[in-house]
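A.B. asks: Next comes protein36.json, JSON, C-alpha atoms and all ligand atoms:
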```json
[["chain", "number", "residue", "atom", "x", "y", "z"],
["A", 15, "MET", "CA", 18.90, -5.63, 27.57],
["A", 16, "THR", "CA", 15.40, -6.97, 26.91],
["A", 17, "GLN", "CA", 14.96, -8.37, 23.41],
["A", 18, "VAL", "CA", 12.61, -6.43, 21.15],
["A", 19, "PHE", "CA", 10.10, -8.63, 19.35],
["A", 20, "ASN", "CA", 8.38, -7.83, 16.08],
["A", 21, "GLY", "CA", 5.05, -6.02, 16.26],
["A", 22, "GLN", "CA", 3.55, -8.52, 13.83],
["A", 23, "PRO", "CA", 2.71, -12.10, 14.70],
["A", 24, "SER", "CA", 4.51, -14.85, 12.76],
["A", 25, "SER", "CA", 1.87, -16.07, 10.37],
["A", 26, "ALA", "CA", 1.04, -12.59, 9.14],
["A", 27, "THR", "CA", 4.35, -12.71, 7.26],
["A", 28, "ASN", "CA", 4.81, -16.46, 6.91],
["A", 29, "ARG", "CA", 1.40, -17.83, 6.10],
["A", 30, "ALA", "CA", 1.19, -21.57, 5.42],
["A", 31, "SER", "CA", 4.70, -21.78, 4.04],
["A", 32, "PRO", "CA", 5.80, -25.35, 3.26],
["A", 33, "ALA", "CA", 8.05, -26.96, 5.88],
["A", 34, "LYS", "CA", 11.71, -26.22, 5.16],
["A", 35, "ALA", "CA", 13.53, -29.34, 4.05],
["A", 36, "ASP", "CA", 15.89, -29.25, 7.04],
["A", 37, "ALA", "CA", 13.15, -28.54, 9.64],
["A", 38, "ILE", "CA", 12.76, -31.23, 12.30],
["A", 39, "VAL", "CA", 9.77, -29.34, 13.76],
["A", 40, "SER", "CA", 7.34, -27.32, 11.70],
["A", 41, "LEU", "CA", 4.13, -25.61, 12.75],
["A", 42, "GLN", "CA", 2.09, -24.31, 9.85],
["A", 43, "SER", "CA", -0.69, -21.83, 10.63],
["A", 44, "VAL", "CA", -1.49, -23.71, 13.83],
["A", 45, "SER", "CA", -4.36, -22.71, 16.11],
["A", 46, "LYS", "CA", -5.41, -24.36, 19.35],
["A", 47, "THR", "CA", -8.60, -23.50, 21.21],
["A", 48, "TYR", "CA", -9.49, -25.60, 24.28],
["A", 49, "GLU", "CA", -13.02, -26.93, 24.77],
["A", 50, "ASN", "CA", -13.81, -24.16, 27.25],
["A", 51, "GLY", "CA", -13.08, -21.58, 24.54],
["A", 52, "SER", "CA", -9.55, -20.58, 25.71],
["A", 53, "LYS", "CA", -7.53, -19.60, 22.67],
["A", 54, "ALA", "CA", -4.06, -20.91, 23.49],
["A", 55, "LEU", "CA", -2.41, -20.54, 20.05],
["A", 56, "VAL", "CA", -3.49, -18.43, 17.10],
["A", 57, "ASP", "CA", -2.17, -19.00, 13.56],
["A", 58, "VAL", "CA", 1.34, -19.91, 14.67],
["A", 59, "SER", "CA", 3.95, -20.79, 12.05],
["A", 60, "LEU", "CA", 7.44, -21.84, 13.04],
["A", 61, "ASP", "CA", 10.23, -23.98, 11.55],
["A", 62, "ILE", "CA", 12.96, -25.38, 13.78],
["A", 63, "LYS", "CA", 16.01, -26.90, 12.13],
["A", 64, "ARG", "CA", 17.63, -30.15, 13.20],
["A", 65, "GLY", "CA", 20.29, -29.30, 15.77],
["A", 66, "ASP", "CA", 18.78, -25.91, 16.75],
["A", 67, "PHE", "CA", 18.40, -24.66, 20.32],
["A", 68, "LEU", "CA", 15.33, -22.44, 20.67],
["A", 69, "PHE", "CA", 13.86, -20.61, 23.64],
["A", 70, "VAL", "CA", 10.12, -19.96, 23.72],
["A", 71, "THR", "CA", 9.31, -17.17, 26.11],
["A", 72, "GLY", "CA", 6.21, -15.18, 27.02],
["A", 73, "PRO", "CA", 3.96, -14.31, 29.97],
["A", 74, "SER", "CA", 1.94, -16.82, 31.96],
["A", 75, "GLY", "CA", -0.98, -18.16, 29.91],
["A", 76, "SER", "CA", 0.53, -17.09, 26.58],
["A", 77, "GLY", "CA", 0.54, -20.64, 25.14],
["A", 78, "LYS", "CA", 4.09, -21.93, 25.79],
["A", 79, "SER", "CA", 3.10, -25.28, 27.35],
["A", 80, "THR", "CA", 0.37, -25.75, 24.76],
["A", 81, "LEU", "CA", 2.92, -25.36, 21.99],
["A", 82, "LEU", "CA", 5.08, -28.14, 23.50],
["A", 83, "LYS", "CA", 2.02, -30.33, 24.13],
["A", 84, "LEU", "CA", 1.17, -30.14, 20.43],
["A", 85, "LEU", "CA", 4.72, -31.30, 19.61],
["A", 86, "TYR", "CA", 4.47, -34.48, 21.68],
["A", 87, "GLY", "CA", 0.84, -35.15, 20.88],
["A", 88, "GLU", "CA", -0.67, -34.50, 24.30],
["A", 89, "GLU", "CA", -2.99, -31.96, 22.67],
["A", 90, "ARG", "CA", -4.11, -31.62, 19.07],
["A", 91, "ALA", "CA", -4.31, -28.51, 16.93],
["A", 92, "ASN", "CA", -7.77, -27.40, 15.78],
["A", 93, "GLN", "CA", -6.26, -25.91, 12.66],
["A", 94, "GLY", "CA", -2.99, -26.14, 10.75],
["A", 95, "ASP", "CA", -0.29, -28.80, 10.64],
["A", 96, "VAL", "CA", 2.22, -29.87, 13.27],
["A", 97, "LEU", "CA", 5.13, -31.82, 11.75],
["A", 98, "VAL", "CA", 7.72, -33.47, 14.02],
["A", 99, "ASP", "CA", 10.61, -35.56, 12.72],
["A", 100, "GLY", "CA", 8.74, -36.39, 9.53],
["A", 101, "CYS", "CA", 5.37, -37.19, 11.18],
["A", 102, "ASN", "CA", 2.20, -35.12, 10.91],
["A", 103, "LEU", "CA", 0.77, -35.00, 14.43],
["A", 104, "THR", "CA", -2.58, -33.77, 13.16],
["A", 105, "THR", "CA", -3.41, -37.31, 12.03],
["A", 106, "LEU", "CA", -0.97, -39.51, 13.98],
["A", 107, "ARG", "CA", -2.58, -41.96, 16.42],
["A", 108, "GLY", "CA", -2.04, -45.25, 18.28],
["A", 109, "ASP", "CA", 1.25, -47.09, 17.80],
["A", 110, "ARG", "CA", 2.67, -44.53, 15.39],
["A", 111, "LEU", "CA", 2.13, -41.77, 17.95],
["A", 112, "SER", "CA", 3.79, -43.92, 20.66],
["A", 113, "GLN", "CA", 6.74, -44.53, 18.34],
["A", 114, "LEU", "CA", 7.15, -40.81, 17.70],
["A", 115, "ARG", "CA", 6.99, -40.08, 21.44],
["A", 116, "ARG", "CA", 9.93, -42.43, 21.98],
["A", 117, "ARG", "CA", 11.94, -40.09, 19.79],
["A", 118, "ILE", "CA", 11.08, -37.07, 21.93],
["A", 119, "GLY", "CA", 12.60, -36.46, 25.37],
["A", 120, "ILE", "CA", 10.49, -34.34, 27.71],
["A", 121, "VAL", "CA", 11.48, -32.44, 30.85],
["A", 122, "PHE", "CA", 8.90, -30.77, 33.11],
["A", 123, "GLN", "CA", 9.15, -28.01, 35.71],
["A", 124, "ASP", "CA", 8.11, -30.38, 38.51],
["A", 125, "TYR", "CA", 10.48, -33.25, 37.48],
["A", 126, "LYS", "CA", 7.77, -35.97, 37.65],
["A", 127, "LEU", "CA", 10.09, -38.58, 39.20],
["A", 128, "ILE", "CA", 8.71, -41.78, 40.74],
["A", 129, "PRO", "CA", 9.19, -41.23, 44.52],
["A", 130, "ARG", "CA", 9.77, -44.85, 45.56],
["A", 131, "ARG", "CA", 12.30, -45.59, 42.83],
["A", 132, "THR", "CA", 16.00, -44.82, 42.92],
["A", 133, "VAL", "CA", 17.69, -42.45, 40.48],
["A", 134, "MET", "CA", 18.88, -45.43, 38.45],
["A", 135, "GLU", "CA", 15.40, -46.98, 38.37],
["A", 136, "ASN", "CA", 13.76, -43.69, 37.41],
["A", 137, "VAL", "CA", 16.12, -43.28, 34.48],
["A", 138, "ALA", "CA", 15.92, -46.95, 33.47],
["A", 139, "PHE", "CA", 12.12, -47.09, 33.64],
["A", 140, "VAL", "CA", 11.52, -45.90, 30.09],
["A", 141, "LEU", "CA", 13.99, -48.48, 28.68],
["A", 142, "TRP", "CA", 12.46, -51.21, 30.79],
["A", 143, "ALA", "CA", 8.98, -50.22, 29.53],
["A", 144, "GLN", "CA", 10.29, -50.54, 25.96],
["A", 145, "GLY", "CA", 11.32, -54.12, 26.75],
["A", 146, "LEU", "CA", 15.08, -53.69, 26.43],
["A", 147, "PRO", "CA", 17.24, -56.45, 27.95],
["A", 148, "ARG", "CA", 18.84, -55.74, 31.35],
["A", 149, "LYS", "CA", 22.35, -55.68, 29.94],
["A", 150, "GLU", "CA", 21.40, -53.08, 27.34],
["A", 151, "ILE", "CA", 19.63, -50.97, 29.98],
["A", 152, "HIS", "CA", 22.80, -50.93, 32.10],
["A", 153, "ARG", "CA", 24.92, -50.08, 29.07],
["A", 154, "ARG", "CA", 22.77, -47.00, 28.40],
["A", 155, "LEU", "CA", 22.32, -45.86, 31.99],
["A", 156, "GLN", "CA", 25.93, -44.91, 32.67],
["A", 157, "PRO", "CA", 26.38, -42.34, 29.88],
["A", 158, "ALA", "CA", 23.00, -40.72, 30.71],
["A", 159, "LEU", "CA", 23.88, -40.36, 34.42],
["A", 160, "LYS", "CA", 27.37, -39.19, 33.53],
["A", 161, "MET", "CA", 25.99, -36.52, 31.21],
["A", 162, "VAL", "CA", 24.09, -34.96, 34.14],
["A", 163, "GLY", "CA", 26.88, -35.58, 36.71],
["A", 164, "LEU", "CA", 24.90, -37.96, 38.91],
["A", 165, "VAL", "CA", 26.65, -41.34, 38.67],
["A", 166, "HIS", "CA", 27.41, -41.10, 42.41],
["A", 167, "LYS", "CA", 23.71, -40.60, 43.24],
["A", 168, "ALA", "CA", 22.47, -43.63, 41.25],
["A", 169, "ASP", "CA", 21.15, -45.42, 44.37],
["A", 170, "CYS", "CA", 19.49, -42.38, 46.00],
["A", 171, "PHE", "CA", 15.75, -41.78, 46.11],
["A", 172, "PRO", "CA", 14.31, -38.50, 44.75],
["A", 173, "ASP", "CA", 13.62, -37.12, 48.25],
["A", 174, "GLN", "CA", 17.33, -37.51, 49.06],
["A", 175, "LEU", "CA", 18.24, -35.09, 46.24],
["A", 176, "SER", "CA", 18.14, -31.32, 45.85],
["A", 177, "GLY", "CA", 15.72, -29.77, 43.35],
["A", 178, "GLY", "CA", 18.55, -29.19, 40.89],
["A", 179, "GLU", "CA", 19.66, -32.81, 41.17],
["A", 180, "GLN", "CA", 16.08, -34.05, 40.69],
["A", 181, "GLN", "CA", 15.80, -31.97, 37.54],
["A", 182, "ARG", "CA", 19.08, -33.45, 36.30],
["A", 183, "VAL", "CA", 17.67, -36.96, 36.90],
["A", 184, "SER", "CA", 14.65, -36.01, 34.81],
["A", 185, "ILE", "CA", 16.99, -34.84, 32.03],
["A", 186, "ALA", "CA", 18.87, -38.16, 32.20],
["A", 187, "ARG", "CA", 15.54, -39.98, 31.92],
["A", 188, "ALA", "CA", 14.57, -37.82, 28.93],
["A", 189, "ILE", "CA", 17.76, -38.57, 26.98],
["A", 190, "VAL", "CA", 18.48, -42.17, 27.93],
["A", 191, "SER", "CA", 16.78, -43.39, 24.73],
["A", 192, "THR", "CA", 18.96, -40.94, 22.74],
["A", 193, "PRO", "CA", 16.05, -38.97, 21.22],
["A", 194, "PRO", "CA", 16.79, -36.47, 18.44],
["A", 195, "ILE", "CA", 14.49, -33.89, 20.07],
["A", 196, "LEU", "CA", 14.36, -32.65, 23.67],
["A", 197, "LEU", "CA", 11.46, -30.50, 24.90],
["A", 198, "ALA", "CA", 11.80, -28.76, 28.26],
["A", 199, "ASP", "CA", 8.77, -26.96, 29.74],
["A", 200, "GLU", "CA", 9.98, -24.36, 32.27],
["A", 201, "PRO", "CA", 12.80, -26.71, 33.39],
["A", 202, "THR", "CA", 14.26, -24.07, 35.70],
["A", 203, "GLY", "CA", 10.95, -22.77, 37.10],
["A", 204, "ASN", "CA", 11.55, -24.29, 40.57],
["A", 205, "LEU", "CA", 15.30, -23.70, 40.74],
["A", 206, "ASP", "CA", 17.61, -20.98, 42.05],
["A", 207, "PRO", "CA", 19.89, -19.14, 39.57],
["A", 208, "ASP", "CA", 22.92, -21.45, 40.07],
["A", 209, "ASN", "CA", 20.93, -24.65, 39.57],
["A", 210, "SER", "CA", 19.05, -23.06, 36.67],
["A", 211, "TRP", "CA", 22.29, -22.27, 34.90],
["A", 212, "GLN", "CA", 23.58, -25.78, 35.55],
["A", 213, "VAL", "CA", 20.45, -27.22, 33.90],
["A", 214, "ILE", "CA", 20.82, -24.89, 30.90],
["A", 215, "LYS", "CA", 24.50, -25.86, 30.58],
["A", 216, "ILE", "CA", 23.48, -29.54, 30.38],
["A", 217, "LEU", "CA", 20.86, -28.71, 27.75],
["A", 218, "LYS", "CA", 23.53, -26.80, 25.80],
["A", 219, "LYS", "CA", 25.87, -29.79, 26.04],
["A", 220, "LEU", "CA", 23.12, -32.08, 24.70],
["A", 221, "ASN", "CA", 22.50, -29.61, 21.89],
["A", 222, "SER", "CA", 26.22, -29.61, 21.06],
["A", 223, "VAL", "CA", 26.04, -33.36, 20.36],
["A", 224, "GLY", "CA", 23.22, -32.81, 17.87],
["A", 225, "ILE", "CA", 19.99, -32.94, 19.89],
["A", 226, "THR", "CA", 17.40, -30.33, 18.89],
["A", 227, "VAL", "CA", 16.41, -28.53, 22.09],
["A", 228, "ILE", "CA", 13.27, -26.43, 22.65],
["A", 229, "VAL", "CA", 12.95, -24.76, 26.04],
["A", 230, "THR", "CA", 10.10, -22.65, 27.42],
["A", 231, "THR", "CA", 11.07, -20.13, 30.09],
["A", 232, "HIS", "CA", 10.05, -16.88, 31.75],
["A", 233, "ASP", "CA", 13.65, -16.24, 32.74],
["A", 234, "GLU", "CA", 15.09, -13.40, 30.65],
["A", 235, "SER", "CA", 18.50, -13.60, 32.34],
["A", 236, "LEU", "CA", 18.94, -17.24, 31.30],
["A", 237, "ILE", "CA", 18.03, -16.35, 27.73],
["A", 238, "ARG", "CA", 20.60, -13.53, 27.73],
["A", 239, "LEU", "CA", 23.33, -15.72, 29.23],
["A", 240, "SER", "CA", 22.64, -18.61, 26.85],
["A", 241, "ASN", "CA", 22.72, -16.62, 23.63],
["A", 242, "HIS", "CA", 20.35, -18.86, 21.64],
["A", 243, "PRO", "CA", 17.50, -17.77, 19.34],
["A", 244, "THR", "CA", 14.24, -16.88, 21.07],
["A", 245, "VAL", "CA", 10.63, -16.53, 19.98],
["A", 246, "GLN", "CA", 7.93, -14.99, 22.12],
["A", 247, "LEU", "CA", 4.28, -15.92, 22.61],
["A", 248, "ARG", "CA", 1.76, -13.27, 23.64],
["A", 249, "ASN", "CA", -1.92, -14.19, 23.91],
["A", 250, "GLY", "CA", -1.27, -17.18, 21.64],
["A", 251, "TYR", "CA", 0.43, -15.19, 18.88],
["A", 252, "LEU", "CA", 4.07, -15.89, 18.06],
["A", 253, "TYR", "CA", 6.57, -13.05, 17.65],
["A", 254, "ARG", "CA", 10.19, -13.16, 16.51],
["A", 255, "PRO", "CA", 12.94, -10.83, 17.69],
["A", 256, "LYS", "CA", 13.44, -7.71, 15.60],
["A", 257, "GLY", "CA", 16.44, -7.47, 13.33],
["B", 1, "LIG", "N1", -6.49, -28.09, 29.49],
["B", 1, "LIG", "C1", -6.88, -26.83, 29.29],
["B", 1, "LIG", "N2", -8.19, -26.53, 29.22],
["B", 1, "LIG", "C2", -8.60, -25.26, 29.00],
["B", 1, "LIG", "N3", -7.78, -24.21, 28.86],
["B", 1, "LIG", "C3", -6.45, -24.43, 28.95],
["B", 1, "LIG", "C4", -5.95, -25.75, 29.17],
["B", 1, "LIG", "N4", -4.59, -25.68, 29.21],
["B", 1, "LIG", "C5", -4.28, -24.38, 29.02],
["B", 1, "LIG", "N5", -5.39, -23.63, 28.86],
["B", 1, "LIG", "C6", -5.45, -22.18, 28.59],
["B", 1, "LIG", "O1", -4.73, -21.93, 27.41],
["B", 1, "LIG", "C7", -3.95, -20.74, 27.54],
["B", 1, "LIG", "C8", -2.47, -21.06, 27.33],
["B", 1, "LIG", "O2", -2.05, -21.91, 28.42],
["B", 1, "LIG", "P1", -0.58, -22.49, 28.52],
["B", 1, "LIG", "O3", -0.54, -23.41, 29.68],
["B", 1, "LIG", "O4", -0.17, -23.02, 27.20],
["B", 1, "LIG", "O5", 0.26, -21.16, 28.82],
["B", 1, "LIG", "P2", 1.76, -20.98, 29.35],
["B", 1, "LIG", "O6", 2.33, -19.85, 28.55],
["B", 1, "LIG", "O7", 2.47, -22.27, 29.32],
["B", 1, "LIG", "O8", 1.51, -20.51, 30.84],
["B", 1, "LIG", "P3", 2.48, -20.69, 32.15],
["B", 1, "LIG", "O9", 3.72, -19.90, 31.86],
["B", 1, "LIG", "O10", 1.66, -20.09, 33.25],
["B", 1, "LIG", "O11", 2.73, -22.15, 32.31],
["B", 1, "LIG", "C9", -4.29, -20.16, 28.91],
["B", 1, "LIG", "O12", -5.31, -19.23, 28.73],
["B", 1, "LIG", "C10", -4.79, -21.37, 29.69],
["B", 1, "LIG", "O13", -5.72, -20.97, 30.67]]
```
I need this file expressed as structure tokens, please.
C.D. replies:
Amino acid sequence: MTQVFNGQPSSATNRASPAKADAIVSLQSVSKTYENGSKALVDVSLDIKRGDFLFVTGPSGSGKSTLLKLLYGEERANQGDVLVDGCNLTTLRGDRLSQLRRRIGIVFQDYKLIPRRTVMENVAFVLWAQGLPRKEIHRRLQPALKMVGLVHKADCFPDQLSGGEQQRVSIARAIVSTPPILLADEPTGNLDPDNSWQVIKILKKLNSVGITVIVTTHDESLIRLSNHPTVQLRNGYLYRPKG
């Protein structure tokens, strides 16, 4: 059954409320308009608790990717506050923004793997870029690859893997630095139902060990199967399910 969402957008009932003490992510009356005048988000307020798993759904162009981009600082809000793990992204810049990004794992629809690097190298790259010693990198690689069931593919190149496997590599890369937050933007958009469910099961497993997971998706059947809270964006306005 399709979820019924409230007829009133979020901020109409929740205007500029202070962030809840246990919120790891908080958007407070956030609006984002791009330079060309596209209104991507309008007066969105949302608190996500540490350890939550939240789906963000909505039609194409409704603002889902923009919402995630505000959370990892790729875009900035024109109005309102975006708080992530104790940092206010409205003002965060330079090194402090880079430090926050290290605490956020990101997974994209199109995987974004480096083609000429093996699975192991793709996953290790972020640790190597942070200057970790080789021994420490190897110590962290194994559990990340094990979590996504790809230890046996460590020496393969991305074009030797299926789409589902490539997405699992990108999840391993996202969590290898053990971030408290994982953002996934349409992670199953290029996958068939079986591979999609496998990806969601891995995200659920990561959530069960305490990672806060926020996933955008169009896929209603995945949302139904997963049984996690969902909010919906329509034309940049955020709606919550009724009841
Ligand atoms: N860089 C940009 N410059 C101008 N407008 C943009 C930009 N990125 C997104 N938009 C616009 O902002 C609105 C929201 O886009 P967004 O990508 O957040 O939607 P979405 O829900 O993620 O869509 P999809 O499901 O198709 O990925 C759309 O109208 C889009 O055209």
A.B. asks: Within 10 Å of ligand LIG 1 (chain B), counting all atoms listed in the file: which residues, as a compact mmCIF listing (two decimals) with C-alpha atoms, in the frame of the given file?
C.D. replies:
```
# COMPACT_ATOMS: atom_id res chain seq x y z
CA LYS A 46 -5.41 -24.36 19.35
CA THR A 47 -8.60 -23.50 21.21
CA TYR A 48 -9.49 -25.60 24.28
CA GLU A 49 -13.02 -26.93 24.77
CA ASN A 50 -13.81 -24.16 27.25
CA GLY A 51 -13.08 -21.58 24.54
CA SER A 52 -9.55 -20.58 25.71
CA LYS A 53 -7.53 -19.60 22.67
CA ALA A 54 -4.06 -20.91 23.49
CA LEU A 55 -2.41 -20.54 20.05
CA VAL A 70 10.12 -19.96 23.72
CA THR A 71 9.31 -17.17 26.11
CA GLY A 72 6.21 -15.18 27.02
CA PRO A 73 3.96 -14.31 29.97
CA SER A 74 1.94 -16.82 31.96
CA GLY A 75 -0.98 -18.16 29.91
CA SER A 76 0.53 -17.09 26.58
CA GLY A 77 0.54 -20.64 25.14
CA LYS A 78 4.09 -21.93 25.79
CA SER A 79 3.10 -25.28 27.35
CA THR A 80 0.37 -25.75 24.76
CA LEU A 81 2.92 -25.36 21.99
CA LEU A 82 5.08 -28.14 23.50
CA LYS A 83 2.02 -30.33 24.13
CA LEU A 84 1.17 -30.14 20.43
CA GLU A 89 -2.99 -31.96 22.67
CA GLN A 123 9.15 -28.01 35.71
CA ASP A 199 8.77 -26.96 29.74
CA GLU A 200 9.98 -24.36 32.27
CA GLY A 203 10.95 -22.77 37.10
CA THR A 230 10.10 -22.65 27.42
CA THR A 231 11.07 -20.13 30.09
CA HIS A 232 10.05 -16.88 31.75
CA GLN A 246 7.93 -14.99 22.12
CA LEU A 247 4.28 -15.92 22.61
CA ARG A 248 1.76 -13.27 23.64
CA ASN A 249 -1.92 -14.19 23.91
CA GLY A 250 -1.27 -17.18 21.64
```
A.B. asks: Could you check which of A:Ala188, A:Val44, A:Ile216, A:Leu146 is closest to A:Leu127, using all atoms listed in the file?
C.D. replies: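 Ranked by minimum distance to A:Leu127, first place goes to A:Ala188.
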A.B. asks: Could you tell me how far atom CA of A:Leu239 lies from atom CA of A:Asp206, in Å and to one decimal?
C.D. replies: 15.0 Å
A.B. asks: Return as lines of an AutoDock Vina configuration file the box centre and box size in Å, one decimal, for an axis-aligned box around all listed atoms of stretch 50-67 of chain A padded by 4 Å per side.
C.D. replies:
```
center_x = 3.2
center_y = -24.3
center_z = 19.4
size_x = 42.1
size_y = 19.7
size_z = 23.7
```
A.B. asks: Which of these, A:Leu68, A:Ile38, A:Leu159, A:Val56, has the shortest distance to A:Ile237 once you count only C-alpha atoms?
C.D. replies: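 Of A:Leu68, A:Ile38, A:Leu159, A:Val56, the one nearest A:Ile237, counting only C-alpha atoms, is A:Leu68.
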A.B. asks: Give the answer as one residue: which of A:Glu88, A:Pro255, A:Asp95, A:Leu114 has the shortest atom-to-atom distance to A:Leu41, using only C-alpha atoms?
C.D. replies: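 The closest residue to A:Leu41 is A:Asp95.
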A.B. asks: Restricting the calculation to all atoms listed in the file, which member of A:Arg254, A:Arg115, A:Arg238, A:Arg130 is positioned closest to A:Leu60?
C.D. replies: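 So, comparing all the options, the nearest one is A:Arg254.
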A.B. asks: Hey, which of A:Ala138, A:Ser222, A:Arg131, A:Ser40 ends up closest to A:Thr104? Count all atoms listed in the file.
C.D. replies: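 The closest residue to A:Thr104 is A:Ser40.
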A.B. asks: Figure out the distance between atom CA of A:Lys167 and atom CA of A:Ile120, please, to one decimal in Å.
C.D. replies: 21.3 Å
A.B. asks: Which value, in Å to one decimal, gives the distance between atom CA of A:Ser184 and atom CA of A:Pro201?
C.D. replies: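 About the pair atom CA of A:Ser184 and atom CA of A:Pro201: they are 9.6 Å apart.
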A.B. asks: Using the structure block above, produce a file of stretch 26-66 of chain A that contains C-alpha atoms, as a PDB file, in the first residue's frame.
C.D. replies:
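And here's selection-v2.pdb as it stands now:
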```pdb
ATOM      1  CA  ALA A  26       4.160  24.819   8.589  1.00  0.00           C
ATOM      2  CA  THR A  27       3.835  22.810  11.800  1.00  0.00           C
ATOM      3  CA  ASN A  28       7.451  22.782  12.964  1.00  0.00           C
ATOM      4  CA  ARG A  29       8.763  26.246  12.271  1.00  0.00           C
ATOM      5  CA  ALA A  30      12.328  26.969  13.392  1.00  0.00           C
ATOM      6  CA  SER A  31      12.177  24.544  16.295  1.00  0.00           C
ATOM      7  CA  PRO A  32      15.519  24.151  18.091  1.00  0.00           C
ATOM      8  CA  ALA A  33      17.498  21.022  17.179  1.00  0.00           C
ATOM      9  CA  LYS A  34      16.532  18.106  19.411  1.00  0.00           C
ATOM     10  CA  ALA A  35      19.347  17.211  21.766  1.00  0.00           C
ATOM     11  CA  ASP A  36      19.706  13.714  20.295  1.00  0.00           C
ATOM     12  CA  ALA A  37      19.558  14.847  16.625  1.00  0.00           C
ATOM     13  CA  ILE A  38      22.684  14.083  14.603  1.00  0.00           C
ATOM     14  CA  VAL A  39      21.175  15.915  11.605  1.00  0.00           C
ATOM     15  CA  SER A  40      18.900  18.913  11.875  1.00  0.00           C
ATOM     16  CA  LEU A  41      17.508  21.145   9.155  1.00  0.00           C
ATOM     17  CA  GLN A  42      15.776  24.233  10.463  1.00  0.00           C
ATOM     18  CA  SER A  43      13.561  26.165   8.043  1.00  0.00           C
ATOM     19  CA  VAL A  44      16.006  25.458   5.226  1.00  0.00           C
ATOM     20  CA  SER A  45      15.513  26.842   1.720  1.00  0.00           C
ATOM     21  CA  LYS A  46      17.737  26.332  -1.294  1.00  0.00           C
ATOM     22  CA  THR A  47      17.322  28.207  -4.565  1.00  0.00           C
ATOM     23  CA  TYR A  48      19.953  27.656  -7.280  1.00  0.00           C
ATOM     24  CA  GLU A  49      21.461  30.601  -9.153  1.00  0.00           C
ATOM     25  CA  ASN A  50      19.201  29.954 -12.144  1.00  0.00           C
ATOM     26  CA  GLY A  51      16.161  30.457  -9.901  1.00  0.00           C
ATOM     27  CA  SER A  52      15.272  26.744  -9.397  1.00  0.00           C
ATOM     28  CA  LYS A  53      13.707  26.348  -5.976  1.00  0.00           C
ATOM     29  CA  ALA A  54      15.032  22.981  -4.811  1.00  0.00           C
ATOM     30  CA  LEU A  55      14.012  23.137  -1.121  1.00  0.00           C
ATOM     31  CA  VAL A  56      11.451  25.375   0.555  1.00  0.00           C
ATOM     32  CA  ASP A  57      11.343  25.918   4.330  1.00  0.00           C
ATOM     33  CA  VAL A  58      12.326  22.355   5.198  1.00  0.00           C
ATOM     34  CA  SER A  59      12.640  21.354   8.850  1.00  0.00           C
ATOM     35  CA  LEU A  60      13.747  17.874   9.836  1.00  0.00           C
ATOM     36  CA  ASP A  61      15.500  16.254  12.812  1.00  0.00           C
ATOM     37  CA  ILE A  62      17.186  12.873  12.427  1.00  0.00           C
ATOM     38  CA  LYS A  63      18.289  11.067  15.562  1.00  0.00           C
ATOM     39  CA  ARG A  64      21.625   9.324  15.960  1.00  0.00           C
ATOM     40  CA  GLY A  65      21.163   5.712  14.865  1.00  0.00           C
ATOM     41  CA  ASP A  66      18.050   6.384  12.730  1.00  0.00           C
TER      42      ASP A  66
END
```
